[in-house]
$ cat entry_35.cif   # mmCIF, C-alpha atoms
data_query
loop_
_atom_site.label_atom_id
_atom_site.label_comp_id
_atom_site.auth_asym_id
_atom_site.auth_seq_id
_atom_site.Cartn_x
_atom_site.Cartn_y
_atom_site.Cartn_z
CA MET A 1 48.04 -179.66 37.97
CA ASN A 2 51.48 -180.40 39.31
CA SER A 3 53.18 -182.46 36.65
CA LYS A 4 56.49 -182.89 38.43
CA LEU A 5 57.15 -186.31 39.89
CA ASN A 6 58.41 -186.88 43.40
CA PRO A 7 59.60 -190.42 44.12
CA ILE A 8 57.77 -192.18 46.98
CA GLY A 9 60.56 -194.67 47.48
CA ILE A 10 63.40 -196.58 45.91
CA ILE A 11 63.70 -200.06 44.45
CA HIS A 12 66.65 -202.20 45.46
CA SER A 13 67.46 -205.01 43.03
CA PRO A 14 70.32 -207.40 42.27
CA TYR A 15 70.89 -205.60 38.94
CA ALA A 16 73.54 -202.92 39.06
CA THR A 17 73.90 -202.58 35.28
CA LYS A 18 71.59 -202.60 32.27
CA GLU A 19 73.44 -205.63 30.91
CA SER A 20 72.74 -207.67 34.03
CA SER A 21 69.02 -206.90 34.33
CA PRO A 22 66.49 -209.24 32.70
CA ILE A 23 64.44 -208.02 29.73
CA GLN A 24 61.31 -208.51 31.81
CA GLY A 25 60.66 -209.68 35.36
CA ALA A 26 58.46 -212.49 34.03
CA PHE A 27 61.59 -213.97 32.46
CA CYS A 28 63.30 -214.01 35.83
CA PRO A 29 60.66 -214.86 38.45
CA ASP A 30 63.30 -215.64 41.07
CA GLY A 31 64.91 -212.20 41.01
CA ILE A 32 64.38 -210.90 44.54
CA GLY A 33 64.23 -207.20 45.29
CA LYS A 34 63.29 -204.82 48.06
CA VAL A 35 60.91 -201.94 47.58
CA GLU A 36 61.63 -199.24 50.14
CA ILE A 37 58.86 -196.73 50.72
CA PHE A 38 60.05 -193.46 52.21
CA PRO A 39 58.92 -193.15 55.88
CA GLU A 40 56.61 -190.21 55.14
CA TYR A 41 54.54 -192.46 52.83
CA GLU A 42 54.57 -195.63 54.97
CA GLU A 43 51.02 -195.08 56.23
CA GLY A 44 49.78 -195.46 52.64
CA LEU A 45 50.85 -199.13 52.69
CA LYS A 46 48.01 -200.12 55.06
CA ASP A 47 46.52 -203.46 53.84
CA ILE A 48 49.03 -203.89 51.01
CA GLU A 49 49.97 -207.25 52.55
CA THR A 50 46.51 -208.62 51.68
CA PHE A 51 47.57 -208.69 48.01
CA SER A 52 49.85 -211.31 46.43
CA HIS A 53 50.97 -209.13 43.52
CA ILE A 54 51.64 -205.42 43.20
CA ILE A 55 52.26 -203.03 40.32
CA LEU A 56 55.40 -200.88 40.48
CA LEU A 57 55.49 -197.62 38.55
CA TYR A 58 59.01 -196.22 38.32
CA ARG A 59 61.37 -193.93 36.43
CA PHE A 60 63.76 -195.35 33.88
CA ASP A 61 66.33 -193.00 35.35
CA ARG A 62 69.29 -194.36 33.39
CA ALA A 63 67.60 -194.68 30.00
CA GLY A 64 69.23 -193.29 26.88
CA GLU A 65 67.95 -191.31 23.94
CA VAL A 66 64.26 -191.50 23.08
CA LYS A 67 63.55 -192.77 19.56
CA LEU A 68 59.96 -193.25 18.43
CA VAL A 69 60.79 -196.33 16.34
CA ARG A 70 63.63 -198.69 17.18
CA PRO A 71 64.77 -202.30 17.45
CA THR A 72 64.12 -203.72 20.92
CA PHE A 73 65.81 -206.20 23.20
CA LEU A 74 63.40 -208.91 22.02
CA ASP A 75 63.50 -208.19 18.28
CA ASP A 76 65.93 -206.78 15.73
CA GLU A 77 63.03 -205.43 13.69
CA PRO A 78 62.10 -201.87 14.65
CA HIS A 79 58.81 -201.28 16.47
CA GLY A 80 57.04 -198.16 17.66
CA ILE A 81 58.03 -197.20 21.19
CA PHE A 82 54.35 -197.35 22.27
CA ALA A 83 54.14 -200.89 20.85
CA SER A 84 57.11 -201.89 23.01
CA ARG A 85 58.08 -201.85 26.68
CA HIS A 86 61.49 -200.35 25.86
CA PRO A 87 62.89 -198.03 28.59
CA CYS A 88 63.91 -195.13 26.31
CA ARG A 89 60.44 -193.63 25.92
CA PRO A 90 58.71 -190.28 26.27
CA ASN A 91 58.16 -189.53 29.97
CA GLY A 92 60.46 -192.44 30.89
CA LEU A 93 58.09 -194.42 33.10
CA GLY A 94 58.07 -198.20 33.55
CA ILE A 95 55.46 -200.62 34.85
CA THR A 96 56.23 -204.03 36.31
CA VAL A 97 54.08 -206.53 38.17
CA VAL A 98 55.91 -208.30 40.98
CA LYS A 99 54.98 -210.87 43.61
CA LEU A 100 54.78 -209.51 47.14
CA LEU A 101 56.58 -211.93 49.43
CA LYS A 102 56.72 -210.06 52.71
CA ARG A 103 56.21 -206.65 54.28
CA THR A 104 58.39 -205.38 57.11
CA ASP A 105 57.33 -201.84 58.02
CA ASN A 106 58.23 -199.69 55.01
CA LEU A 107 60.09 -202.49 53.18
CA LEU A 108 58.43 -204.84 50.73
CA GLU A 109 60.26 -207.97 49.65
CA VAL A 110 59.24 -208.88 46.11
CA SER A 111 60.11 -211.42 43.42
CA GLY A 112 60.07 -211.16 39.63
CA ILE A 113 61.85 -207.82 39.74
CA ASP A 114 63.51 -206.57 36.55
CA VAL A 115 64.55 -203.00 37.30
CA LEU A 116 67.97 -201.55 37.95
CA ASP A 117 69.18 -201.18 41.53
CA LYS A 118 68.27 -197.83 43.10
CA THR A 119 65.43 -197.12 40.64
CA PRO A 120 63.15 -194.28 41.84
CA LEU A 121 59.66 -195.54 42.69
CA ILE A 122 56.83 -193.24 41.60
CA ASP A 123 53.76 -195.25 42.62
CA LEU A 124 52.67 -198.61 43.94
CA LYS A 125 49.26 -200.12 43.19
CA PRO A 126 47.63 -203.42 44.09
CA TYR A 127 47.34 -205.89 41.20
CA VAL A 128 43.67 -206.81 40.95
CA LYS A 129 42.76 -209.67 38.63
CA ARG A 130 39.39 -208.21 37.74
CA PHE A 131 41.08 -205.03 36.51
CA ASP A 132 44.45 -206.24 35.26
CA CYS A 133 44.28 -209.88 34.12
CA PHE A 134 43.28 -210.50 30.48
CA PRO A 135 44.13 -214.11 29.57
CA GLU A 136 42.47 -213.63 26.17
CA ALA A 137 44.92 -210.87 25.19
CA ASP A 138 46.86 -211.25 21.96
CA GLU A 139 50.57 -210.60 22.46
CA GLY A 140 51.00 -209.00 19.05
CA TRP A 141 54.51 -208.97 17.61
CA VAL A 142 55.91 -210.13 20.96
CA ALA A 143 54.02 -213.45 20.72
CA LEU A 144 56.66 -215.28 18.73
CA LYS A 145 59.65 -213.74 20.49
CA LYS A 146 61.51 -215.79 23.02
CA GLU A 147 63.72 -214.54 25.78
CA ARG A 148 67.29 -214.09 24.54
CA PRO A 149 70.47 -212.40 25.75
CA LYS A 150 70.24 -208.65 25.33
CA PRO A 151 71.87 -207.73 22.01
CA SER A 152 75.27 -206.27 22.78
CA GLY A 153 75.54 -202.49 22.68
CA ARG A 154 71.83 -202.00 22.10
CA GLU A 155 70.34 -199.22 24.22
CA MET B 1 66.72 -186.82 34.93
CA ASN B 2 63.80 -184.77 33.68
CA SER B 3 60.97 -185.52 36.06
CA LYS B 4 58.40 -183.26 34.46
CA LEU B 5 55.67 -185.01 32.50
CA ASN B 6 54.60 -183.95 29.03
CA PRO B 7 51.37 -185.56 27.81
CA ILE B 8 51.72 -187.56 24.59
CA GLY B 9 48.01 -187.38 23.86
CA ILE B 10 44.52 -187.06 25.26
CA ILE B 11 41.85 -189.60 26.13
CA HIS B 12 38.31 -188.97 24.97
CA SER B 13 35.65 -190.85 26.94
CA PRO B 14 31.88 -190.73 27.48
CA TYR B 15 32.47 -189.64 31.10
CA ALA B 16 32.37 -185.90 31.63
CA THR B 17 32.09 -186.05 35.43
CA LYS B 18 33.57 -188.14 38.23
CA GLU B 19 30.07 -189.28 39.18
CA SER B 20 29.40 -190.70 35.72
CA SER B 21 32.66 -192.60 35.28
CA PRO B 22 32.83 -196.27 36.33
CA ILE B 23 34.95 -197.29 39.32
CA GLN B 24 37.05 -199.43 36.97
CA GLY B 25 36.95 -200.10 33.23
CA ALA B 26 36.58 -203.82 33.93
CA PHE B 27 33.17 -203.02 35.42
CA CYS B 28 32.13 -201.32 32.23
CA PRO B 29 33.64 -203.28 29.31
CA ASP B 30 31.36 -201.61 26.79
CA GLY B 31 32.51 -198.06 27.55
CA ILE B 32 34.01 -196.88 24.26
CA GLY B 33 36.67 -194.20 24.13
CA LYS B 34 39.17 -192.69 21.75
CA VAL B 35 42.83 -192.31 22.55
CA GLU B 36 44.31 -189.46 20.53
CA ILE B 37 48.08 -189.44 20.21
CA PHE B 38 49.52 -186.04 19.38
CA PRO B 39 50.82 -185.98 15.75
CA GLU B 40 54.44 -185.56 16.82
CA TYR B 41 54.28 -188.96 18.56
CA GLU B 42 52.25 -190.87 15.94
CA GLU B 43 55.30 -192.65 14.54
CA GLY B 44 55.70 -194.37 17.92
CA LEU B 45 52.43 -196.28 17.32
CA LYS B 46 54.00 -198.51 14.64
CA ASP B 47 52.74 -202.10 15.16
CA ILE B 48 50.42 -201.19 18.06
CA GLU B 49 47.55 -202.70 16.03
CA THR B 50 49.11 -206.17 16.43
CA PHE B 51 48.02 -206.12 20.09
CA SER B 52 44.48 -206.71 21.35
CA HIS B 53 44.94 -204.89 24.66
CA ILE B 54 46.95 -201.83 25.64
CA ILE B 55 47.93 -200.18 28.92
CA LEU B 56 47.10 -196.50 29.34
CA LEU B 57 49.12 -194.43 31.80
CA TYR B 58 47.48 -191.08 32.50
CA ARG B 59 47.18 -188.16 34.89
CA PHE B 60 44.30 -188.00 37.33
CA ASP B 61 44.12 -184.32 36.45
CA ARG B 62 40.89 -183.61 38.35
CA ALA B 63 41.68 -185.57 41.52
CA GLY B 64 41.23 -183.99 44.93
CA GLU B 65 43.32 -183.93 48.07
CA VAL B 66 45.83 -186.73 48.63
CA LYS B 67 45.25 -188.71 51.83
CA LEU B 68 47.47 -191.67 52.63
CA VAL B 69 44.64 -193.66 54.23
CA ARG B 70 41.01 -193.28 53.18
CA PRO B 71 37.75 -195.04 52.38
CA THR B 72 37.51 -195.94 48.69
CA PHE B 73 34.75 -196.17 46.13
CA LEU B 74 34.59 -199.94 46.67
CA ASP B 75 34.75 -199.98 50.47
CA ASP B 76 33.74 -197.77 53.38
CA GLU B 77 36.65 -199.11 55.41
CA PRO B 78 39.81 -197.01 55.03
CA HIS B 79 42.74 -198.52 53.12
CA GLY B 80 46.23 -197.28 52.37
CA ILE B 81 46.39 -195.35 49.12
CA PHE B 82 49.04 -197.76 47.77
CA ALA B 83 46.70 -200.69 48.56
CA SER B 84 43.99 -199.01 46.48
CA ARG B 85 43.55 -197.71 42.94
CA HIS B 86 42.03 -194.46 44.23
CA PRO B 87 42.77 -191.39 42.04
CA CYS B 88 43.84 -189.01 44.83
CA ARG B 89 47.37 -190.36 45.23
CA PRO B 90 50.93 -189.08 45.34
CA ASN B 91 52.09 -188.29 41.78
CA GLY B 92 48.48 -188.65 40.54
CA LEU B 93 49.03 -191.31 37.88
CA GLY B 94 46.51 -193.94 36.80
CA ILE B 95 46.86 -197.22 34.93
CA THR B 96 44.06 -198.88 32.97
CA VAL B 97 44.08 -201.82 30.57
CA VAL B 98 41.72 -201.37 27.62
CA LYS B 99 40.85 -203.39 24.56
CA LEU B 100 42.15 -201.96 21.29
CA LEU B 101 39.33 -202.09 18.73
CA LYS B 102 40.72 -200.10 15.84
CA ARG B 103 43.51 -197.74 14.86
CA THR B 104 42.98 -194.88 12.42
CA ASP B 105 46.23 -192.92 12.06
CA ASN B 106 46.81 -191.26 15.45
CA LEU B 107 43.44 -192.30 16.89
CA LEU B 108 42.89 -195.55 18.80
CA GLU B 109 39.35 -196.71 19.46
CA VAL B 110 39.24 -198.66 22.71
CA SER B 111 36.70 -200.34 24.98
CA GLY B 112 36.64 -200.82 28.74
CA ILE B 113 37.62 -197.22 29.33
CA ASP B 114 37.05 -195.73 32.80
CA VAL B 115 38.75 -192.34 32.73
CA LEU B 116 37.29 -188.87 32.55
CA ASP B 117 36.89 -187.20 29.19
CA LYS B 118 39.95 -185.15 28.16
CA THR B 119 42.32 -186.97 30.49
CA PRO B 120 46.00 -186.29 29.65
CA LEU B 121 47.76 -189.41 28.37
CA ILE B 122 51.32 -189.89 29.64
CA ASP B 123 52.26 -193.22 28.09
CA LEU B 124 50.87 -196.15 26.15
CA LYS B 125 52.29 -199.65 26.39
CA PRO B 126 51.30 -202.97 24.85
CA TYR B 127 49.65 -205.43 27.25
CA VAL B 128 51.68 -208.62 27.10
CA LYS B 129 50.26 -211.68 28.84
CA ARG B 130 53.65 -213.07 29.73
CA PHE B 131 54.49 -209.85 31.60
CA ASP B 132 51.11 -208.64 32.85
CA CYS B 133 48.71 -211.56 33.34
CA PHE B 134 48.76 -213.29 36.73
CA PRO B 135 45.63 -215.45 37.07
CA GLU B 136 46.95 -216.80 40.38
CA ALA B 137 46.96 -213.34 42.00
CA ASP B 138 45.07 -212.85 45.25
CA GLU B 139 42.85 -209.77 45.10
CA GLY B 140 43.38 -208.91 48.75
CA TRP B 141 40.73 -206.75 50.41
CA VAL B 142 39.15 -206.07 47.01
CA ALA B 143 38.27 -209.77 46.55
CA LEU B 144 34.95 -209.62 48.38
CA LYS B 145 33.95 -206.20 47.10
CA LYS B 146 31.36 -205.99 44.36
CA GLU B 147 30.78 -203.11 42.03
CA ARG B 148 28.39 -200.59 43.57
CA PRO B 149 27.29 -197.03 42.86
CA LYS B 150 29.99 -194.56 43.90
CA PRO B 151 29.19 -193.38 47.44
CA SER B 152 27.74 -189.89 47.18
CA GLY B 153 30.10 -187.03 47.93
CA ARG B 154 33.11 -189.29 48.33
CA GLU B 155 36.21 -187.98 46.62
#
$ encode --input "entry_35.cif" --output "C-alpha cells"
Amino acid sequence: MNSKLNPIGIIHSPYATKESSPIQGAFCPDGIGKVEIFPEYEEGLKDIETFSHIILLYRFDRAGEVKLVRPTFLDDEPHGIFASRHPCRPNGLGITVVKLLKRTDNLLEVSGIDVLDKTPLIDLKPYVKRFDCFPEADEGWVALKKERPKPSGRE
Amino acid sequence: MNSKLNPIGIIHSPYATKESSPIQGAFCPDGIGKVEIFPEYEEGLKDIETFSHIILLYRFDRAGEVKLVRPTFLDDEPHGIFASRHPCRPNGLGITVVKLLKRTDNLLEVSGIDVLDKTPLIDLKPYVKRFDCFPEADEGWVALKKERPKPSGRE
C-alpha cells in the first residue's frame, strides 16, 4: 500500500491568506474558484459535467500545529479535532462540497469554495444525493453556532 | 508538508471480501460497523457524540489497478474515475457518511457502513448539514442507476 499522496491538481481561489478565507464554503456560496486537474489526469474527468456538485479532497498545506482538542473558528469552547472541521488535524486533509459551474478541458469552475489559493488537490468525487445527503442529520455542537469573523490570531 | 498518511484507527465491518460489501453504505443502511480510534487519538473524539452522522475518510487498501476511465459497479458504460466513487483511484482514498449510533471510549458504533473489514481510517469529521447537505444536487449519470449485484469479476 502506497500511503504517500500525489496531488492530482491544484485549486485556485480568491483567498490568498487564512484570514481572508471563509470558515466554510457554505457561508460564502458566491466564492468562485477554479479547480485545475493536471493534464495527465484529465481523462478521469469524463462525465463529471453531468453532476451539479462535486466533492474536493485536498491538503491543508498551510495548517499549523495539530492539537487533539482546541477552540475552533466557530466556537471558543474547545472541541475534539475529529468533532470539528478544523484544518490543523492528523493527516491534514480537508473535504468541501462545491457547485460545478462549468468545465473547460482540465479546468472546473466552481462556487462555494473555501480553500486557500494554490491548495493541492488530492481527489475529486461526484456528490451523489443518495450517498451524501442526510437532511435528518443533527449538527451537534455546531447547530447553535453562527458564522462570525475568524477570531484574531487563532490558528 | 508531510504527505505520508498515518492511519488514526481501523474500521471493523461485516464485509470480509469485496464481493460481500455493498456498492454504497446508503444502499445498506442496516450494515453495522465499529470504528476504532487508536488510543493515542482518543482525546480528539471529544464531543463527537453530539453529532448523529459522521464522515469517514479511509484508504481503499485492497483496491486494484488505477484506470482513469472504466466501467463501474453501477454502470457498464465507462466513466471517468473522478466522476465515479470507484475504489481504484489515484491516491486511493474513500469517503463515506455513516450514522453514529453509540460511542464507548475509543469505539464508535455506526450504521450504513460499506467498507471492507479492517480498513485503515485516515480521518473522521462531523457531518454538518449546512456544509454537506445539498438536496438540490443533480446526481448526474448515477441518477438513473439502481442498486444491483456487483458485476462478477469487475474490479
$ resolve_selection --input "entry_35.cif" --expression "the PyMOL selection byres ((chain B) within 7 of (chain A))" --output "ChimeraX atom specification"
/B:1,3-6,24,26,43-48,50-53,61,68-69,79-85,91,97,122,124-126,128-135,137-141
$ resolve_selection --input "entry_35.cif" --expression "the PyMOL selection byres ((chain B and resi 34) around 8)" --output "mmCIF file with C-alpha atoms, keeping the file's coordinate frame"
data_model
loop_
_atom_site.group_PDB
_atom_site.id
_atom_site.type_symbol
_atom_site.label_atom_id
_atom_site.label_comp_id
_atom_site.auth_asym_id
_atom_site.auth_seq_id
_atom_site.Cartn_x
_atom_site.Cartn_y
_atom_site.Cartn_z
ATOM 1 C CA ILE B 11 41.850 -189.600 26.130
ATOM 2 C CA HIS B 12 38.310 -188.970 24.970
ATOM 3 C CA SER B 13 35.650 -190.850 26.940
ATOM 4 C CA ILE B 32 34.010 -196.880 24.260
ATOM 5 C CA GLY B 33 36.670 -194.200 24.130
ATOM 6 C CA VAL B 35 42.830 -192.310 22.550
ATOM 7 C CA GLU B 36 44.310 -189.460 20.530
ATOM 8 C CA LEU B 107 43.440 -192.300 16.890
ATOM 9 C CA LEU B 108 42.890 -195.550 18.800
ATOM 10 C CA GLU B 109 39.350 -196.710 19.460
ATOM 11 C CA VAL B 110 39.240 -198.660 22.710
#
$ atom_distance --input "entry_35.cif" --atom1 "atom CA of B:Pro14" --atom2 "atom CA of A:Leu56"
28.7 Å
$ atom_distance --input "entry_35.cif" --atom1 "atom CA of B:Glu77" --atom2 "atom CA of B:Pro22"
19.7 Å
$ atom_distance --input "entry_35.cif" --atom1 "atom CA of A:Ser152" --atom2 "atom CA of A:Phe73"
9.5 Å
$ axis_aligned_box --input "entry_35.cif" --around "stretch 118-121 of chain B" --padding-each-side "6 Å" --output "JSON"
{"center_x": 43.9, "center_y": -187.3, "center_z": 29.3, "size_x": 19.8, "size_y": 16.3, "size_z": 14.3}
$ resolve_selection --input "entry_35.cif" --expression "the PyMOL selection byres ((chain A and resi 15) around 10)" --output "MDAnalysis selection string"
chainID A and resid 12:14 16:22 31 33 113:118
$ write_last_selection --input "entry_35.cif" --atoms "C-alpha atoms" --output "JSON list (two decimals), in the coordinates of the input"
[["chain", "number", "residue", "atom", "x", "y", "z"],
["A", 12, "HIS", "CA", 66.65, -202.20, 45.46],
["A", 13, "SER", "CA", 67.46, -205.01, 43.03],
["A", 14, "PRO", "CA", 70.32, -207.40, 42.27],
["A", 16, "ALA", "CA", 73.54, -202.92, 39.06],
["A", 17, "THR", "CA", 73.90, -202.58, 35.28],
["A", 18, "LYS", "CA", 71.59, -202.60, 32.27],
["A", 19, "GLU", "CA", 73.44, -205.63, 30.91],
["A", 20, "SER", "CA", 72.74, -207.67, 34.03],
["A", 21, "SER", "CA", 69.02, -206.90, 34.33],
["A", 22, "PRO", "CA", 66.49, -209.24, 32.70],
["A", 31, "GLY", "CA", 64.91, -212.20, 41.01],
["A", 33, "GLY", "CA", 64.23, -207.20, 45.29],
["A", 113, "ILE", "CA", 61.85, -207.82, 39.74],
["A", 114, "ASP", "CA", 63.51, -206.57, 36.55],
["A", 115, "VAL", "CA", 64.55, -203.00, 37.30],
["A", 116, "LEU", "CA", 67.97, -201.55, 37.95],
["A", 117, "ASP", "CA", 69.18, -201.18, 41.53],
["A", 118, "LYS", "CA", 68.27, -197.83, 43.10]]
$ closest_residue --input "entry_35.cif" --among "A:Thr104, A:Phe38, A:Tyr58, A:Asp75" --to "A:Pro87" --atoms "only C-alpha atoms"
A:Tyr58
$ closest_residue --input "entry_35.cif" --among "A:Ile10, A:Lys150, A:Ile37, A:Arg103" --to "A:Pro120" --atoms "all atoms listed in the file"
A:Ile10
$ closest_residue --input "entry_35.cif" --among "A:Pro71, A:Asp105, A:Cys28, A:Glu65" --to "A:Glu147" --atoms "only C-alpha atoms"
A:Cys28
